[in-house]
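So the structure is just underneath, and the comments pick up after that.
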Amino acid sequence: MSPFLRLDKTLSALAHPARRAILQRLSQGEVRVTTLAEPFDMSLNAVSKHIHVLERARLVRRRRAGREYLLSVNPAPLDEAASWIAAQRTMWTKRLDTLNAILRAEDRAAAQSRLARRRRLRR
């Protein structure tokens, strides 16, 4: 799977507040599916669908322990998304700093031009 497709899946999975809440709960440690679903005001089936979205995005791991399924968080996709966001922030910060410098230089040049024009008019 391409890095951009993985990023798309991660960000799409994080777009829903219930899935973010599930990840927040899983950050405290491994938990059974039924225990994870208890605080949500939705059916177990609905929570299960959200879990499947998180699994497809590789944000959640599922393991079987006897008759139960235990879920845990997988931070790797979050780290990949954070790295991509940091790279974008760096690139845009540089571009905006360059634009800011150009605009300030243009402002200074315009101010100097106005000042020179006023001086010529006073003579």
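Residues are named by chain letter and number: chains run A, B, ... in the order of the structure tokens, numbers start at 1 in each chain, and ligands are numbered from 1 in the order shown.
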Residues of region 16-44 of chain A that have any atom at most 12 Å from an atom of region 56-60 of chain A: could you tabulate them with the shortest-distance atom pair and the distance in Å to one decimal, using only C-alpha atoms, ordered by chain and increasing number, as JSON lines?
{"residue": "A:Arg19", "atom": "CA", "partner": "A:Leu59", "partner_atom": "CA", "distance": 10.0}
{"residue": "A:Arg20", "atom": "CA", "partner": "A:Leu59", "partner_atom": "CA", "distance": 10.4}
{"residue": "A:Ile22", "atom": "CA", "partner": "A:Val60", "partner_atom": "CA", "distance": 9.4}
{"residue": "A:Leu23", "atom": "CA", "partner": "A:Val60", "partner_atom": "CA", "distance": 7.8}
{"residue": "A:Gln24", "atom": "CA", "partner": "A:Val60", "partner_atom": "CA", "distance": 11.3}
{"residue": "A:Arg25", "atom": "CA", "partner": "A:Val60", "partner_atom": "CA", "distance": 11.4}
{"residue": "A:Leu26", "atom": "CA", "partner": "A:Val60", "partner_atom": "CA", "distance": 8.4}
{"residue": "A:Ser27", "atom": "CA", "partner": "A:Val60", "partner_atom": "CA", "distance": 10.2}
{"residue": "A:Gly29", "atom": "CA", "partner": "A:Val60", "partner_atom": "CA", "distance": 11.5}
{"residue": "A:Glu30", "atom": "CA", "partner": "A:Val60", "partner_atom": "CA", "distance": 10.1}
{"residue": "A:Val31", "atom": "CA", "partner": "A:Val60", "partner_atom": "CA", "distance": 11.2}
{"residue": "A:Val33", "atom": "CA", "partner": "A:Val60", "partner_atom": "CA", "distance": 11.5}
Any chance you could export the current selection's N, CA and C atoms as a short mmCIF file (atom, residue, chain, number, x, y, z; two decimals), in the first residue's frame?
data_model
loop_
_atom_site.label_atom_id
_atom_site.label_comp_id
_atom_site.auth_asym_id
_atom_site.auth_seq_id
_atom_site.Cartn_x
_atom_site.Cartn_y
_atom_site.Cartn_z
N ARG A 19 -14.54 7.28 16.73
CA ARG A 19 -13.29 6.54 16.51
C ARG A 19 -12.15 7.18 17.29
N ARG A 20 -12.14 8.50 17.37
CA ARG A 20 -11.10 9.15 18.19
C ARG A 20 -11.29 8.77 19.66
N ILE A 22 -12.59 5.99 20.77
CA ILE A 22 -12.15 4.59 20.89
C ILE A 22 -10.63 4.54 21.03
N LEU A 23 -9.93 5.29 20.19
CA LEU A 23 -8.46 5.32 20.28
C LEU A 23 -7.99 5.88 21.61
N GLN A 24 -8.68 6.90 22.09
CA GLN A 24 -8.32 7.49 23.38
C GLN A 24 -8.45 6.44 24.49
N ARG A 25 -9.52 5.68 24.45
CA ARG A 25 -9.71 4.63 25.45
C ARG A 25 -8.64 3.55 25.32
N LEU A 26 -8.33 3.17 24.09
CA LEU A 26 -7.32 2.12 23.87
C LEU A 26 -5.92 2.60 24.25
N SER A 27 -5.70 3.89 24.29
CA SER A 27 -4.38 4.39 24.69
C SER A 27 -4.09 4.07 26.16
N GLY A 29 -4.69 1.12 27.39
CA GLY A 29 -4.33 -0.29 27.46
C GLY A 29 -5.32 -1.17 26.72
N GLU A 30 -4.94 -2.42 26.60
CA GLU A 30 -5.74 -3.42 25.89
C GLU A 30 -7.08 -3.61 26.59
N VAL A 31 -8.13 -3.83 25.79
CA VAL A 31 -9.47 -3.98 26.35
C VAL A 31 -10.32 -4.90 25.47
N VAL A 33 -13.64 -6.04 23.41
CA VAL A 33 -14.53 -5.30 22.54
C VAL A 33 -15.79 -4.88 23.30
#
Which residue gives the smallest distance to Glu80 (chain A) among A:Ser2, A:Ser48, A:Ser113, A:Thr10, with only C-alpha atoms counted? A:Thr10
Run DSSP on the backbone and tell me which residues of chain A come out as alpha helix (DSSP H); list them as a PyMOL selection string. chain A and resi 3-14+17-26+33-37+44-56+76-122
Please produce, as a Markdown table, a per-residue contact table for region 38-103 of chain A versus region 6-9 of chain A (criterion: any atom at most 12 Å away, only C-alpha atoms considered), showing the nearest atom pair and its distance in Å to one decimal, sorted by chain then residue number.
| residue | atom | partner | partner_atom | distance |
| --- | --- | --- | --- | --- |
| A:His52 | CA | A:Lys9 | CA | 11.9 |
| A:Val53 | CA | A:Lys9 | CA | 8.5 |
| A:Leu54 | CA | A:Lys9 | CA | 8.6 |
| A:Glu55 | CA | A:Lys9 | CA | 10.0 |
| A:Arg56 | CA | A:Lys9 | CA | 7.5 |
| A:Ala57 | CA | A:Lys9 | CA | 5.1 |
| A:Arg58 | CA | A:Arg6 | CA | 8.6 |
| A:Leu59 | CA | A:Lys9 | CA | 9.5 |
| A:Ala76 | CA | A:Arg6 | CA | 10.9 |
| A:Pro77 | CA | A:Leu7 | CA | 7.5 |
| A:Leu78 | CA | A:Leu7 | CA | 8.9 |
| A:Asp79 | CA | A:Leu7 | CA | 10.3 |
| A:Glu80 | CA | A:Leu7 | CA | 7.4 |
| A:Ala81 | CA | A:Leu7 | CA | 6.1 |
| A:Ala82 | CA | A:Leu7 | CA | 9.8 |
| A:Ser83 | CA | A:Leu7 | CA | 10.4 |
| A:Trp84 | CA | A:Leu7 | CA | 8.4 |
| A:Ile85 | CA | A:Leu7 | CA | 10.2 |
DSSP strand (DSSP E or B) residues within region 1-73 of chain A, listed as number ranges by chain: A: 31-32, 60-65, 68-73
Could you turn the residues from that selection into a file that holds N, CA and C atoms, as a PDB file, in the first residue's frame?
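Contents of again_30.pdb, as written:
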ATOM      1  N   VAL A  31      -8.131  -3.826  25.787  1.00  0.00           N
ATOM      2  CA  VAL A  31      -9.468  -3.977  26.353  1.00  0.00           C
ATOM      3  C   VAL A  31     -10.315  -4.901  25.469  1.00  0.00           C
ATOM      4  N   ARG A  32     -11.297  -5.554  26.094  1.00  0.00           N
ATOM      5  CA  ARG A  32     -12.239  -6.396  25.343  1.00  0.00           C
ATOM      6  C   ARG A  32     -13.172  -5.515  24.522  1.00  0.00           C
ATOM      7  N   VAL A  60      -5.721   0.019  15.053  1.00  0.00           N
ATOM      8  CA  VAL A  60      -6.124  -0.886  16.128  1.00  0.00           C
ATOM      9  C   VAL A  60      -5.704  -2.301  15.759  1.00  0.00           C
ATOM     10  N   ARG A  61      -5.215  -3.016  16.769  1.00  0.00           N
ATOM     11  CA  ARG A  61      -4.877  -4.437  16.622  1.00  0.00           C
ATOM     12  C   ARG A  61      -5.901  -5.248  17.393  1.00  0.00           C
ATOM     13  N   ARG A  62      -6.226  -6.400  16.856  1.00  0.00           N
ATOM     14  CA  ARG A  62      -7.169  -7.316  17.517  1.00  0.00           C
ATOM     15  C   ARG A  62      -6.458  -8.645  17.734  1.00  0.00           C
ATOM     16  N   ARG A  63      -6.602  -9.200  18.930  1.00  0.00           N
ATOM     17  CA  ARG A  63      -6.061 -10.533  19.180  1.00  0.00           C
ATOM     18  C   ARG A  63      -7.107 -11.336  19.926  1.00  0.00           C
ATOM     19  N   ARG A  64      -7.050 -12.613  19.722  1.00  0.00           N
ATOM     20  CA  ARG A  64      -8.013 -13.502  20.358  1.00  0.00           C
ATOM     21  C   ARG A  64      -7.388 -14.114  21.598  1.00  0.00           C
ATOM     22  N   ALA A  65      -8.142 -14.079  22.681  1.00  0.00           N
ATOM     23  CA  ALA A  65      -7.724 -14.711  23.930  1.00  0.00           C
ATOM     24  C   ALA A  65      -8.879 -15.595  24.379  1.00  0.00           C
ATOM     25  N   GLU A  68     -12.664 -14.471  23.699  1.00  0.00           N
ATOM     26  CA  GLU A  68     -12.779 -13.012  23.645  1.00  0.00           C
ATOM     27  C   GLU A  68     -11.783 -12.417  22.662  1.00  0.00           C
ATOM     28  N   TYR A  69     -12.147 -11.249  22.183  1.00  0.00           N
ATOM     29  CA  TYR A  69     -11.239 -10.469  21.355  1.00  0.00           C
ATOM     30  C   TYR A  69     -10.771  -9.272  22.159  1.00  0.00           C
ATOM     31  N   LEU A  70      -9.466  -9.070  22.154  1.00  0.00           N
ATOM     32  CA  LEU A  70      -8.877  -7.926  22.855  1.00  0.00           C
ATOM     33  C   LEU A  70      -8.322  -6.959  21.825  1.00  0.00           C
ATOM     34  N   LEU A  71      -8.539  -5.692  22.075  1.00  0.00           N
ATOM     35  CA  LEU A  71      -8.084  -4.650  21.164  1.00  0.00           C
ATOM     36  C   LEU A  71      -7.000  -3.824  21.822  1.00  0.00           C
ATOM     37  N   SER A  72      -6.068  -3.356  21.007  1.00  0.00           N
ATOM     38  CA  SER A  72      -5.032  -2.437  21.479  1.00  0.00           C
ATOM     39  C   SER A  72      -4.735  -1.440  20.369  1.00  0.00           C
ATOM     40  N   VAL A  73      -4.162  -0.343  20.757  1.00  0.00           N
ATOM     41  CA  VAL A  73      -3.844   0.704  19.778  1.00  0.00           C
ATOM     42  C   VAL A  73      -2.505   0.408  19.116  1.00  0.00           C
TER      43      VAL A  73
END
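CA of Leu5 (chain A) to CA of His50 (chain A) spans 18.8 Å [interatomic distance, one decimal].
The space separating CA of Pro39 (chain A) from CA of Ala21 (chain A) comes to 10.1 Å.
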